[in-house]
Structures are given as C-alpha cells and as structure tokens.
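Enquirer: The structure file coords-v4.txt (compact mmCIF, C-alpha atoms (C1' of nucleotides)) is provided below.
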# COMPACT_ATOMS: atom_id res chain seq x y z
CA MET R 1038 8.58 3.28 1.45
CA ALA R 1039 8.02 5.72 -1.22
CA LEU R 1040 4.90 4.09 -2.46
CA GLY R 1041 3.45 2.76 0.72
CA LYS R 1042 3.91 -0.43 2.57
CA ASP R 1043 1.75 -2.45 0.27
CA TYR R 1044 4.13 -2.46 -2.59
CA GLU R 1045 6.60 -4.39 -0.47
CA LEU R 1046 4.14 -7.18 -0.22
CA GLN R 1047 3.57 -7.38 -3.93
CA ASP R 1048 5.97 -10.14 -4.74
CA CYS R 1049 6.33 -9.04 -8.29
CA PRO R 1050 9.14 -7.53 -10.31
CA ILE R 1051 6.89 -4.72 -11.45
CA ALA R 1052 6.20 -3.69 -7.90
CA ARG R 1053 9.90 -3.84 -7.12
CA ALA R 1054 10.62 -1.60 -10.06
CA LEU R 1055 7.92 0.84 -8.99
CA GLU R 1056 9.35 0.94 -5.50
CA LEU R 1057 12.47 2.44 -6.99
CA VAL R 1058 11.23 4.61 -9.80
CA GLY R 1059 7.47 4.78 -9.37
CA GLU R 1060 7.36 7.85 -7.22
CA ARG R 1061 6.03 11.01 -8.63
CA TRP R 1062 8.61 13.03 -10.56
CA THR R 1063 11.24 10.31 -10.40
CA ILE R 1064 10.83 9.13 -13.97
CA LEU R 1065 10.87 12.68 -15.29
CA VAL R 1066 14.06 13.41 -13.42
CA ILE R 1067 15.64 10.37 -15.01
CA ARG R 1068 14.29 11.37 -18.40
CA ASP R 1069 16.01 14.71 -18.00
CA CYS R 1070 19.22 12.96 -17.08
CA PHE R 1071 19.08 11.05 -20.34
CA LEU R 1072 18.45 14.27 -22.20
CA GLY R 1073 21.59 15.74 -20.70
CA VAL R 1074 20.35 17.72 -17.73
CA SER R 1075 22.67 17.28 -14.77
CA ARG R 1076 22.51 20.27 -12.43
CA PHE R 1077 20.11 21.06 -9.65
CA ASN R 1078 19.03 24.34 -11.08
CA ASP R 1079 18.51 22.99 -14.56
CA PHE R 1080 16.18 20.27 -13.31
CA LEU R 1081 14.39 22.95 -11.36
CA VAL R 1082 13.89 25.21 -14.34
CA HIS R 1083 13.00 22.47 -16.76
CA LEU R 1084 10.63 20.48 -14.58
CA ASP R 1085 8.95 23.17 -12.48
CA ILE R 1086 9.43 20.82 -9.60
CA PRO R 1087 9.39 22.05 -5.99
CA ARG R 1088 12.93 22.34 -4.68
CA ALA R 1089 12.32 20.11 -1.70
CA VAL R 1090 10.94 17.35 -3.88
CA LEU R 1091 13.85 17.60 -6.28
CA THR R 1092 16.32 17.37 -3.40
CA ASN R 1093 14.49 14.35 -2.13
CA ARG R 1094 14.35 12.58 -5.50
CA LEU R 1095 17.97 13.24 -6.33
CA ASP R 1096 19.08 12.00 -2.92
CA ARG R 1097 17.03 8.89 -3.31
CA LEU R 1098 18.25 8.19 -6.80
CA VAL R 1099 21.82 8.61 -5.60
CA THR R 1100 21.39 6.25 -2.67
CA GLU R 1101 19.66 3.74 -4.93
CA GLY R 1102 22.64 3.88 -7.25
CA MET R 1103 20.82 5.29 -10.26
CA LEU R 1104 22.69 8.57 -10.18
CA GLU R 1105 26.16 9.57 -9.14
CA ARG R 1106 26.65 12.88 -7.36
CA ARG R 1107 29.80 14.65 -8.42
CA GLU R 1108 31.08 17.96 -7.16
CA TYR R 1109 32.19 19.72 -10.28
CA ARG R 1110 33.02 22.80 -8.27
CA PRO R 1111 33.07 23.29 -4.49
CA GLY R 1112 29.48 23.26 -3.34
CA ARG R 1113 28.08 22.55 -6.79
CA ASN R 1114 26.96 19.08 -7.63
CA GLU R 1115 26.06 17.46 -10.86
CA TYR R 1116 24.10 14.26 -11.15
CA LEU R 1117 25.10 11.68 -13.69
CA LEU R 1118 23.46 8.40 -14.60
CA THR R 1119 25.26 5.31 -13.40
CA ASP R 1120 25.16 2.01 -15.23
CA ARG R 1121 22.18 1.11 -13.15
CA GLY R 1122 20.46 4.32 -14.17
CA LEU R 1123 21.30 3.67 -17.78
CA SER R 1124 19.59 0.31 -17.56
CA LEU R 1125 16.29 2.15 -17.18
CA TRP R 1126 16.41 3.15 -20.83
CA PRO R 1127 14.01 0.42 -22.02
CA ILE R 1128 11.40 1.55 -19.52
CA LEU R 1129 11.65 5.17 -20.61
CA HIS R 1130 11.56 4.09 -24.20
CA SER R 1131 8.43 1.99 -23.81
CA LEU R 1132 6.72 4.86 -21.99
CA ALA R 1133 7.70 7.33 -24.67
CA GLU R 1134 6.59 4.97 -27.40
CA TRP R 1135 3.23 4.44 -25.79
CA GLY R 1136 2.75 8.12 -25.10
CA ASP R 1137 3.41 8.99 -28.70
CA GLN R 1138 1.21 6.23 -29.99
CA GLN R 1139 -1.73 7.17 -27.79
CA ALA R 1140 -1.55 10.92 -27.81
CA ALA R 1141 0.88 12.22 -30.36
CA PRO R 1142 0.98 16.01 -30.58
CA PRO R 1143 -0.83 17.21 -33.72
CA ALA R 1144 2.22 18.84 -35.23
CA GLY R 1145 4.32 15.72 -34.84
CA ARG R 1146 6.99 14.78 -32.37
CA ARG R 1147 8.99 17.53 -30.82
CA ARG R 1148 12.13 15.50 -30.44
CA LEU R 1149 13.55 12.80 -32.63
CA PHE R 1150 16.21 10.26 -31.79
CA ALA R 1151 18.85 9.26 -34.26
CA HIS R 1152 21.76 6.86 -34.35
CA THR R 1153 24.91 8.93 -33.99
CA GLU R 1154 27.04 6.62 -36.11
CA CYS R 1155 24.89 6.59 -39.23
CA GLY R 1156 22.48 9.44 -38.66
CA SER R 1157 19.29 7.44 -39.25
CA ASP R 1158 16.22 8.11 -37.15
CA LEU R 1159 15.41 5.30 -34.77
CA ASP R 1160 12.28 3.26 -35.32
CA ALA R 1161 9.54 2.57 -32.81
CA ALA R 1162 11.50 -0.23 -31.20
CA GLY R 1163 14.49 2.04 -30.64
CA ALA R 1164 16.46 0.27 -33.32
CA CYS R 1165 18.43 1.82 -36.14
CA PRO R 1166 16.81 0.82 -39.44
CA THR R 1167 20.08 1.24 -41.31
CA CYS R 1168 22.40 -0.66 -39.02
CA GLY R 1169 19.80 -3.07 -37.67
CA VAL R 1170 20.97 -2.71 -34.10
CA VAL R 1171 19.47 -1.15 -31.00
CA PRO R 1172 22.12 1.43 -30.15
CA ASP R 1173 23.22 2.12 -26.58
CA ALA R 1174 21.89 5.31 -25.08
CA GLY R 1175 25.33 6.81 -25.50
CA ASP R 1176 25.08 6.45 -29.26
CA VAL R 1177 21.76 8.20 -29.59
CA GLU R 1178 21.40 11.77 -30.68
CA ILE R 1179 18.53 14.14 -30.00
CA ARG R 1180 17.23 16.36 -32.77
CA PRO R 1181 14.29 18.72 -33.03
CA GLY R 1182 11.28 17.05 -34.64
CA PRO R 1183 8.51 18.56 -36.77
CA GLY R 1184 6.59 19.68 -33.69
CA ALA R 1185 9.55 21.32 -32.02
CA GLU R 1186 8.40 24.85 -32.83
CA LEU R 1187 5.24 24.32 -30.84
CA ALA R 1188 7.02 23.40 -27.66
CA LEU R 1189 5.06 24.47 -24.60
CA ARG R 1190 8.01 25.59 -22.60
CA ASP R 1191 10.58 28.26 -23.22
CA ASP R 1192 13.17 28.17 -20.50
CA ARG R 1193 16.86 28.06 -21.23
CA VAL R 1194 17.08 24.35 -20.54
CA THR R 1195 14.30 23.57 -22.99
CA ARG R 1196 15.99 25.67 -25.65
CA ALA R 1197 19.28 23.95 -25.05
CA LEU R 1198 17.60 20.57 -25.36
CA PHE R 1199 16.35 21.41 -28.83
CA SER R 1200 19.79 21.89 -30.27
CA PRO R 1201 21.10 18.57 -31.55
CA HIS R 1202 23.29 16.77 -29.06
CA ARG R 1203 24.01 13.31 -27.79
CA ILE R 1204 21.95 11.75 -25.11
CA LEU R 1205 23.78 11.67 -21.76
CA GLN R 1206 26.03 14.52 -22.85
CA PRO R 1207 25.76 17.14 -20.11
CA LEU R 1208 24.24 20.29 -21.53
CA GLU R 1209 26.57 23.20 -22.06
CA LEU R 1210 24.53 26.12 -20.89
CA THR R 1211 27.31 28.58 -20.24
CA THR R 1212 27.43 29.69 -23.87
CA GLU R 1213 23.77 30.50 -23.86
CA ARG R 1214 24.06 32.32 -20.61
CA SER R 1215 26.46 34.81 -22.18
CA THR R 1216 24.17 35.51 -25.14
CA ARG R 1217 21.26 36.04 -22.81
CA SER R 1218 22.23 39.62 -22.15
CA SER R 1219 20.15 40.81 -25.11
CA GLY R 1220 16.54 39.83 -24.38
CA SER R 1221 14.67 38.76 -21.23
CA SER R 1222 13.28 40.98 -18.50
CA MET S 1439 -4.36 16.30 -12.83
CA ALA S 1440 -3.46 13.10 -11.22
CA LEU S 1441 0.18 13.89 -11.11
CA GLY S 1442 0.11 17.60 -10.68
CA LYS S 1443 -0.19 20.49 -13.03
CA ASP S 1444 3.41 20.41 -14.09
CA TYR S 1445 3.19 17.26 -16.05
CA GLU S 1446 0.88 19.00 -18.48
CA LEU S 1447 3.62 21.40 -19.32
CA GLN S 1448 6.12 18.68 -20.00
CA ASP S 1449 5.76 18.43 -23.73
CA CYS S 1450 7.03 14.92 -23.80
CA PRO S 1451 5.46 11.58 -24.59
CA ILE S 1452 6.77 10.15 -21.33
CA ALA S 1453 4.95 12.80 -19.34
CA ARG S 1454 1.79 12.16 -21.32
CA ALA S 1455 2.05 8.47 -20.56
CA LEU S 1456 2.61 9.17 -16.88
CA GLU S 1457 -0.43 11.43 -16.82
CA LEU S 1458 -2.49 8.38 -17.65
CA VAL S 1459 -0.80 5.55 -15.82
CA GLY S 1460 1.74 7.19 -13.53
CA GLU S 1461 -0.48 7.52 -10.52
CA ARG S 1462 0.16 5.38 -7.54
CA TRP S 1463 -1.45 1.94 -7.76
CA THR S 1464 -2.53 2.39 -11.37
CA ILE S 1465 0.17 0.22 -12.88
CA LEU S 1466 -0.41 -2.50 -10.33
CA VAL S 1467 -4.12 -2.51 -11.08
CA ILE S 1468 -3.32 -2.95 -14.74
CA ARG S 1469 -0.81 -5.65 -13.96
CA ASP S 1470 -3.52 -7.53 -12.11
CA CYS S 1471 -5.81 -7.13 -15.09
CA PHE S 1472 -3.22 -8.81 -17.26
CA LEU S 1473 -2.88 -11.60 -14.73
CA GLY S 1474 -6.60 -12.23 -14.94
CA VAL S 1475 -8.03 -10.29 -12.00
CA SER S 1476 -11.23 -8.55 -12.97
CA ARG S 1477 -13.47 -8.02 -9.95
CA PHE S 1478 -13.47 -5.30 -7.38
CA ASN S 1479 -13.04 -7.58 -4.46
CA ASP S 1480 -10.26 -9.55 -6.06
CA PHE S 1481 -8.24 -6.42 -6.70
CA LEU S 1482 -8.89 -5.46 -3.11
CA VAL S 1483 -7.70 -8.72 -1.68
CA HIS S 1484 -4.71 -9.06 -3.93
CA LEU S 1485 -3.43 -5.52 -3.77
CA ASP S 1486 -4.28 -4.48 -0.21
CA ILE S 1487 -5.40 -1.23 -1.71
CA PRO S 1488 -7.80 1.09 0.11
CA ARG S 1489 -11.28 0.68 -1.29
CA ALA S 1490 -11.70 4.34 -2.09
CA VAL S 1491 -8.46 4.41 -4.02
CA LEU S 1492 -9.40 1.32 -5.98
CA THR S 1493 -12.76 2.81 -6.87
CA ASN S 1494 -11.00 5.95 -8.02
CA ARG S 1495 -8.40 4.14 -10.13
CA LEU S 1496 -10.89 1.83 -11.77
CA ASP S 1497 -13.16 4.75 -12.62
CA ARG S 1498 -10.29 6.65 -14.08
CA LEU S 1499 -9.02 3.73 -16.09
CA VAL S 1500 -12.52 3.19 -17.45
CA THR S 1501 -12.96 6.82 -18.46
CA GLU S 1502 -9.50 6.80 -20.04
CA GLY S 1503 -10.52 3.81 -22.08
CA MET S 1504 -8.01 1.37 -20.63
CA LEU S 1505 -10.64 -0.78 -18.98
CA GLU S 1506 -14.18 -1.69 -19.84
CA ARG S 1507 -16.72 -1.99 -17.05
CA ARG S 1508 -19.15 -4.83 -17.59
CA GLU S 1509 -21.99 -5.86 -15.35
CA TYR S 1510 -21.76 -9.60 -15.22
CA ARG S 1511 -24.57 -9.75 -12.74
CA PRO S 1512 -26.89 -6.97 -11.51
CA GLY S 1513 -24.83 -4.70 -9.33
CA ARG S 1514 -21.62 -6.65 -9.90
CA ASN S 1515 -19.07 -5.25 -12.28
CA GLU S 1516 -16.02 -6.74 -13.82
CA TYR S 1517 -13.24 -4.76 -15.37
CA LEU S 1518 -11.63 -5.94 -18.58
CA LEU S 1519 -8.73 -4.55 -20.52
CA THR S 1520 -9.65 -2.80 -23.73
CA ASP S 1521 -7.37 -2.68 -26.76
CA ARG S 1522 -5.94 0.49 -25.39
CA GLY S 1523 -5.26 -1.19 -22.08
CA LEU S 1524 -3.66 -4.12 -23.87
CA SER S 1525 -1.30 -1.74 -25.59
CA LEU S 1526 0.32 -1.11 -22.23
CA TRP S 1527 1.89 -4.55 -22.29
CA PRO S 1528 5.33 -3.38 -23.44
CA ILE S 1529 5.50 -0.94 -20.54
CA LEU S 1530 4.61 -3.60 -18.01
CA HIS S 1531 7.06 -5.95 -19.60
CA SER S 1532 9.94 -3.51 -19.50
CA LEU S 1533 9.19 -2.78 -15.86
CA ALA S 1534 9.04 -6.44 -14.98
CA GLU S 1535 12.22 -7.13 -16.87
CA TRP S 1536 14.05 -4.36 -15.11
CA GLY S 1537 12.70 -5.34 -11.71
CA ASP S 1538 13.89 -8.90 -12.17
CA GLN S 1539 17.25 -7.86 -13.47
CA GLN S 1540 17.90 -5.45 -10.62
CA ALA S 1541 16.43 -7.24 -7.68
CA ALA S 1542 15.56 -10.80 -8.48
CA PRO S 1543 14.23 -12.76 -5.55
CA PRO S 1544 16.90 -15.16 -4.26
CA ALA S 1545 14.86 -18.26 -4.93
CA GLY S 1546 14.17 -17.27 -8.52
CA ARG S 1547 11.15 -15.82 -10.19
CA ARG S 1548 7.80 -16.58 -8.72
CA ARG S 1549 5.97 -16.48 -12.01
CA LEU S 1550 7.08 -17.51 -15.45
CA PHE S 1551 5.53 -16.64 -18.77
CA ALA S 1552 5.26 -19.14 -21.56
CA HIS S 1553 3.98 -19.18 -25.10
CA THR S 1554 0.66 -21.01 -25.08
CA GLU S 1555 1.08 -22.47 -28.56
CA CYS S 1556 4.42 -24.17 -28.07
CA GLY S 1557 4.89 -24.14 -24.31
CA SER S 1558 8.33 -22.51 -24.31
CA ASP S 1559 9.23 -19.98 -21.66
CA LEU S 1560 9.56 -16.46 -22.99
CA ASP S 1561 12.94 -14.83 -23.04
CA ALA S 1562 13.88 -11.48 -21.54
CA ALA S 1563 12.54 -9.61 -24.54
CA GLY S 1564 9.17 -11.30 -24.23
CA ALA S 1565 9.81 -13.39 -27.33
CA CYS S 1566 9.30 -17.08 -27.74
CA PRO S 1567 12.71 -18.69 -28.37
CA THR S 1568 11.13 -21.61 -30.20
CA CYS S 1569 8.79 -19.73 -32.52
CA GLY S 1570 10.89 -16.60 -32.77
CA VAL S 1571 7.91 -14.30 -32.36
CA VAL S 1572 6.76 -11.97 -29.63
CA PRO S 1573 3.36 -13.42 -28.80
CA ASP S 1574 0.35 -11.27 -28.08
CA ALA S 1575 -0.64 -11.03 -24.47
CA GLY S 1576 -3.55 -13.34 -25.24
CA ASP S 1577 -1.15 -16.13 -26.17
CA VAL S 1578 0.89 -15.96 -23.02
CA GLU S 1579 0.45 -18.36 -20.16
CA ILE S 1580 1.40 -17.87 -16.52
CA ARG S 1581 3.10 -20.64 -14.61
CA PRO S 1582 4.60 -20.86 -11.16
CA GLY S 1583 8.35 -20.28 -11.20
CA PRO S 1584 11.05 -21.70 -8.92
CA GLY S 1585 10.40 -19.01 -6.31
CA ALA S 1586 6.66 -19.51 -6.23
CA GLU S 1587 6.70 -21.36 -2.92
CA LEU S 1588 8.17 -18.36 -1.19
CA ALA S 1589 5.45 -16.02 -2.23
CA LEU S 1590 4.84 -13.35 0.36
CA ARG S 1591 1.11 -13.34 0.07
CA ASP S 1592 -1.42 -16.02 0.68
CA ASP S 1593 -4.84 -14.76 -0.21
CA ARG S 1594 -7.16 -16.67 -2.47
CA VAL S 1595 -6.39 -14.47 -5.46
CA THR S 1596 -2.66 -15.04 -5.10
CA ARG S 1597 -3.21 -18.78 -4.90
CA ALA S 1598 -5.40 -18.73 -7.96
CA LEU S 1599 -2.74 -16.78 -9.84
CA PHE S 1600 -0.20 -19.49 -9.23
CA SER S 1601 -2.16 -22.13 -11.03
CA PRO S 1602 -1.28 -22.12 -14.72
CA HIS S 1603 -3.65 -20.06 -16.82
CA ARG S 1604 -3.65 -17.70 -19.72
CA ILE S 1605 -3.01 -14.05 -19.30
CA LEU S 1606 -6.20 -11.99 -19.65
CA GLN S 1607 -8.30 -15.00 -18.81
CA PRO S 1608 -10.56 -13.95 -15.94
CA LEU S 1609 -9.76 -16.00 -12.87
CA GLU S 1610 -12.24 -18.67 -11.91
CA LEU S 1611 -12.41 -18.34 -8.18
CA THR S 1612 -15.72 -20.01 -7.57
CA THR S 1613 -14.23 -23.48 -7.55
CA GLU S 1614 -11.78 -22.52 -4.89
CA ARG S 1615 -14.43 -20.85 -2.86
CA SER S 1616 -16.23 -24.17 -2.45
CA THR S 1617 -13.09 -26.02 -1.33
CA ARG S 1618 -12.29 -23.33 1.17
CA SER S 1619 -14.69 -24.79 3.72
CA SER S 1620 -11.90 -26.90 5.25
CA GLY S 1621 -9.31 -24.44 6.58
CA SER S 1622 -9.31 -20.72 7.34
CA SER S 1623 -10.67 -18.91 10.36
C1' DC V 907 -36.84 -14.59 5.70
C1' DG V 908 -31.95 -14.34 7.63
C1' DG V 909 -26.98 -14.35 6.69
C1' DG V 910 -23.24 -13.47 4.05
C1' DA V 911 -20.73 -11.86 -0.08
C1' DC V 912 -20.16 -8.13 -2.96
C1' DG V 913 -19.35 -3.36 -4.57
C1' DG V 914 -19.32 0.70 -3.17
C1' DT V 915 -19.57 5.34 -0.23
C1' DC V 916 -18.37 8.08 3.85
C1' DT V 917 -15.32 9.78 7.65
C1' DG V 918 -11.45 11.03 10.37
C1' DT V 919 -6.41 10.80 10.47
C1' DT V 920 -1.96 10.72 8.52
C1' DC V 921 1.27 11.69 5.15
C1' DA V 922 3.32 13.63 0.99
C1' DC V 923 3.46 17.38 -2.23
C1' DT V 924 3.37 22.38 -2.86
C1' DG V 925 5.05 27.09 -2.78
C1' DA V 926 7.61 30.46 -0.70
C1' DA V 927 10.85 32.22 2.34
C1' DC V 928 15.32 31.73 4.19
C1' DC V 929 20.58 30.57 4.36
C1' DG V 930 25.42 29.60 3.55
C1' DT V 931 29.01 29.15 0.12
C1' DA V 932 31.55 30.40 -4.05
C1' DC V 933 32.50 33.13 -7.65
C1' DG V 934 32.71 37.72 -10.49
C1' DC V 935 33.63 42.38 -10.25
C1' DC V 936 35.49 46.46 -8.67
C1' DG H 975 39.05 42.97 0.55
C1' DG H 976 33.97 44.13 0.10
C1' DC H 977 29.56 43.61 -2.46
C1' DG H 978 26.18 41.46 -5.33
C1' DT H 979 24.49 37.47 -7.34
C1' DA H 980 23.91 32.56 -8.74
C1' DC H 981 23.60 28.31 -6.93
C1' DG H 982 22.19 24.38 -4.05
C1' DG H 983 19.98 23.36 -0.47
C1' DT H 984 16.84 23.47 4.10
C1' DT H 985 12.79 24.90 6.68
C1' DC H 986 7.97 25.70 7.28
C1' DA H 987 2.97 26.42 6.97
C1' DG H 988 -1.00 25.06 3.97
C1' DT H 989 -3.34 21.73 1.14
C1' DG H 990 -4.78 17.69 -1.05
C1' DA H 991 -4.43 12.81 -1.56
C1' DA H 992 -3.95 8.25 0.57
C1' DC H 993 -5.09 5.31 4.29
C1' DA H 994 -7.89 2.38 7.62
C1' DG H 995 -12.07 1.24 8.99
C1' DA H 996 -16.97 1.75 9.60
C1' DC H 997 -21.18 1.84 7.19
C1' DC H 998 -24.84 0.68 3.52
C1' DG H 999 -27.74 -1.18 -0.15
C1' DT H 1000 -28.30 -5.11 -3.34
C1' DC H 1001 -28.23 -9.72 -4.61
C1' DC H 1002 -27.76 -14.66 -3.86
C1' DC H 1003 -28.27 -18.84 -1.15
C1' DG H 1004 -30.31 -21.73 2.07
Could you render the structure from this file as structure tokens?
Expert:
Amino acid sequence: MALGKDYELQDCPIARALELVGERWTILVIRDCFLGVSRFNDFLVHLDIPRAVLTNRLDRLVTEGMLERREYRPGRNEYLLTDRGLSLWPILHSLAEWGDQQAAPPAGRRRLFAHTECGSDLDAAGACPTCGVVPDAGDVEIRPGPGAELALRDDRVTRALFSPHRILQPLELTTERSTRSSGSS
Amino acid sequence: MALGKDYELQDCPIARALELVGERWTILVIRDCFLGVSRFNDFLVHLDIPRAVLTNRLDRLVTEGMLERREYRPGRNEYLLTDRGLSLWPILHSLAEWGDQQAAPPAGRRRLFAHTECGSDLDAAGACPTCGVVPDAGDVEIRPGPGAELALRDDRVTRALFSPHRILQPLELTTERSTRSSGSS
DNA sequence: CGGGACGGTCTGTTCACTGAACCGTACGCC
DNA sequence: GGCGTACGGTTCAGTGAACAGACCGTCCCG
C-alpha cells in the first residue's frame, strides 16, 4: 500500500521489507527509536517531520508490530521498539555503514557506538573488537564522535542524543528542560 | 532533494544513505541490476514501473555514480553497476534477509544464492558455509528455490531470472525471444 | 520499404507529502 | 477551582511527485 501496488507483485524479500519500512521517513523514525527517542514531540523536534506524517508512520509501525504504544501518562504515549522492531538493526547498521563509507563528514563521525560491557568502539561490522562478538542493540552505547561539535542541528533532542547513553534507553529530557530557563528566546 | 529537505539536516549516515537510495523504486532497480537486468525495457517489464519514473531513477543512479550507462548499440543503452553500486550489496542483503525472516513465502524462498566456486548455498549472513568466506557479488549464483513455481509474475524477465546464472551477469534474453513464437497472444 | 522492438518524452489525473491552523486533555501554578 | 501551557493529535488547502497511457524517433529485420 504504502509504496504502490507494484511492490506487492515483486515476489522478493527485499520488496516485502520495503513494503514495511521503505516509506519515506519510516527508517528515520526507527533510527530515532534506536537512539532513544520515544515521544511524539521529540520525534517532531528531532526530525522536522510534518505532524500528520509522523502520526501516520507511528500508527503504521505500531500496527505492523515494530513499535509498541504505551501510555506513560493519561493521553501521553511513548513508542518503544518491539522485538520485531529490534530485528531491523542489521538494516540500519548496513545503511549507516554505507553512508559513512560513501560520504563521511569531513570532521569525522558525529556519533560512535561502543560495547557497553567492555567500552570498545564497534568496528565496521558492528562487532566488538575486544570481545569478538556482535553485541545486541541493548548492549550498545552511543558516544559523541570527533565530528560531534559540527552537528547541523541544535534542538534539545539532538543535544540529549550527544550525551553518552545506551541505545534503546528512553531519553531523559526532563532534566534538561529545567536547566533551559537560562538561555533560549 | 529526492526525499525532502529535511533529510539534509539529519546529520546521520543513515540519512545520507537514504538521500541516495531511499527514493521509491530505487532499491528495486538496484536489486534488478544485481540480478542481471540491465536494459530499460527489461526493468520496465520486470518492475511494472512507470516509464517516466524509471527514466528518472536510472538517470539519477547514473549521475550518483551507482550505475554506468553504456550504449551497446546506437540508441540502446544498458545500465551496469559501478563499484559504488556494488558496494550496496550489504544493504540489499540485510533487507532480503529481514524480509525472508519476517514474511517468508509459505512455499519457501523463490530464489536461492549459491557460491559459484563450490556450489554451496549461502547462509543467512551471505557467507559460504563450505569455504567460510563471504563471496563477492560476482561469485554468487542465483538458482530457483523451493517456492519458485509459485512466483507471482510471469514476464520474460522473471522467467529468465529463474534459470541459474551469476549475479551481475547481464541476462541473455535473445534466446528466449526466438522460442517465444509458440505461445503468447 | 514496411513493421516491430526499443528507449524515451509528454500529458492529464491521482495521490501523498507539506505546512499551518485548530482542538481536547492533563498538568502546574496560584 | 480557574488559567496558562505543553502535549498529542486531527483537519485542511496547496503543491509536487507518481501513475497510466499515448506519442515519437531510431534502429533492425525481412
């Protein structure tokens, strides 16, 4: 549906995958989920995505079983990756790897991924060079890379994402919100 | 451009990758290239893609350096993967792997991939279980899988793709064209 | 020289994305 | 309890891309 009737006729696992995650914005929403974004407004701020499209993508991801919608407070939902959503990690990883390989930012990567248990940076294959295993997404930590200072965005979600934290760990933005009183218009 | 202005602001390798290959149809065009499709009309028949869109995607892939346009006869172009295009293989593989894992056709896979040198079927990681290596795309062979008979499509390109051949090897459709005289409207 | 395949371009219609306004609920504060 | 604001959506007009199908020039084949 999302990608037009033709995809349904492409009897191919790639086409089936694209049916589910090939729509515009979908992959970036999932990427944000892995980074720890979970609330409607945080996606909105971080992605600059039209509200209607975000609503649509979140709904679809929930019905497809990639995300779970959870009311953490009456009327306020958060969206968390399910096991099915987590299984998308290799796809995101291969995309990220290719993107870096083909068009790495001049100042170096803005985010690095490290194995939580031992602290080593992951290699290109997503494996931990020290432990020799490919850690689960839950055991991966995000850290600012050499290019972090040159980040293009400066919203509160982006800032929060640059402080070291585990993948999948919902961002704690409340602390920052209280310190915000100083600056900003 | 292709995916909207916002992607440019997503300082992330995934967004950069999607800028180049995230547009609708693009991945499927590249998939067909890997399978051996190389001519305008063959893409058209196999993908059921609007002509204008195909023209657009091929042009874009050529200018991005993923494909090389070669005139194999005056006025007739063929499109071949460049090294840069070949480097997309891990992305396609992760997509295919996920698609099969999540929604495998009931009768089994329609296409299998085997290592040309030893003949073994590749495992989920794309590695050859016999040789213990991950073969280059050029050393991978396509064969019909158990679900091949239930293929949804029945154009001449689809049929050609089900006869064993190497990946990247341009399809030889001329032979079939001569045998076609029997059936079809 | 005529017919068909091929590789495109052009055109009108439909559909999805976009941006902005609007709305109801829940909390924080007094 | 009343008021303001943040949040999470929905609604709606405007725009651009995708779609289906007609059209067109070139080359090959008989």
Enquirer: May I have the residues within 8 Å of segment 1464-1474 of chain S as a list in words, using all atoms listed in the file and disregarding those fewer than 6 positions away in the same chain?
Expert: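 Close residues of segment 1464-1474 of chain S: Ile1051 and Ala1052 of chain R; Phe1481, Leu1485, Arg1495, Tyr1517, Leu1518, Leu1519, Gly1523, Leu1530, Ala1575, Ile1580, Leu1599, Arg1604, Ile1605, Leu1606, Gln1607, Pro1608 and Leu1609 of chain S.
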Enquirer: May I have a table of the residues of chain R lying at most 10 Å from chain H, giving each one's closest pair of atoms and their distance in Å to one decimal, counting only C-alpha atoms (C1' of nucleotides), ordered by chain and ascending residue number, as a Markdown table?
Expert:
| residue | atom | partner | partner_atom | distance |
| --- | --- | --- | --- | --- |
| R:Gly1041 | CA | H:DA992 | C1' | 9.2 |
| R:Arg1076 | CA | H:DG982 | C1' | 9.3 |
| R:Phe1077 | CA | H:DG982 | C1' | 6.8 |
| R:Asn1078 | CA | H:DC981 | C1' | 7.3 |
| R:Arg1088 | CA | H:DG983 | C1' | 8.3 |
| R:Ala1089 | CA | H:DT984 | C1' | 8.1 |
| R:Thr1092 | CA | H:DG983 | C1' | 7.6 |
| R:Gly1112 | CA | H:DG982 | C1' | 7.4 |
| R:Arg1113 | CA | H:DG982 | C1' | 6.7 |
| R:Asn1114 | CA | H:DG982 | C1' | 8.0 |
Enquirer: In Å, how far is it from atom CA of Pro1111 of chain R to atom CA of Arg1196 of chain R?
Expert: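 Separation between atom CA of Pro1111 of chain R and atom CA of Arg1196 of chain R: 27.3 Å.
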Enquirer: Give the answer as one residue: which of S:Ser1558, S:Pro1567, S:Asp1574, S:Arg1549 has the shortest atom-to-atom distance to Pro1602 of chain S, using all atoms listed in the file?
Expert: S:Arg1549
Enquirer: Quick one, how far is atom CA of Asp1096 of chain R from atom CA of Leu1125 of chain R?
Expert: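 So the answer is 17.6 Å.
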Enquirer: For atom CA of Gly1537 of chain S and atom CA of Leu1499 of chain S, quote the distance in Å rounded to one decimal.
Expert: 23.9 Å
Enquirer: Smallest atom-to-atom distance to chain V: which of S:Asp1449, S:Glu1509, S:Asp1538, S:Ala1455, using all atoms listed in the file?
Expert: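 Residue with the minimum atom-to-atom distance to chain V: S:Glu1509.
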Enquirer: Just need the residues of chain S within 10 Å of chain R, counting only C-alpha atoms, so spit them out as JSON, numbers by chain.
Expert: {"S": [1441, 1442, 1443, 1444, 1445, 1446, 1447, 1448, 1449, 1450, 1451, 1452, 1453, 1454, 1455, 1456, 1457, 1458, 1459, 1460, 1461, 1462, 1463, 1465, 1466, 1469, 1484, 1485, 1486, 1487, 1522, 1525, 1526, 1527, 1528, 1529, 1530, 1531, 1532, 1533, 1534, 1535, 1536, 1537, 1538, 1539, 1540, 1541, 1542, 1543, 1547, 1548, 1549, 1586, 1588, 1589, 1590, 1591, 1596]}
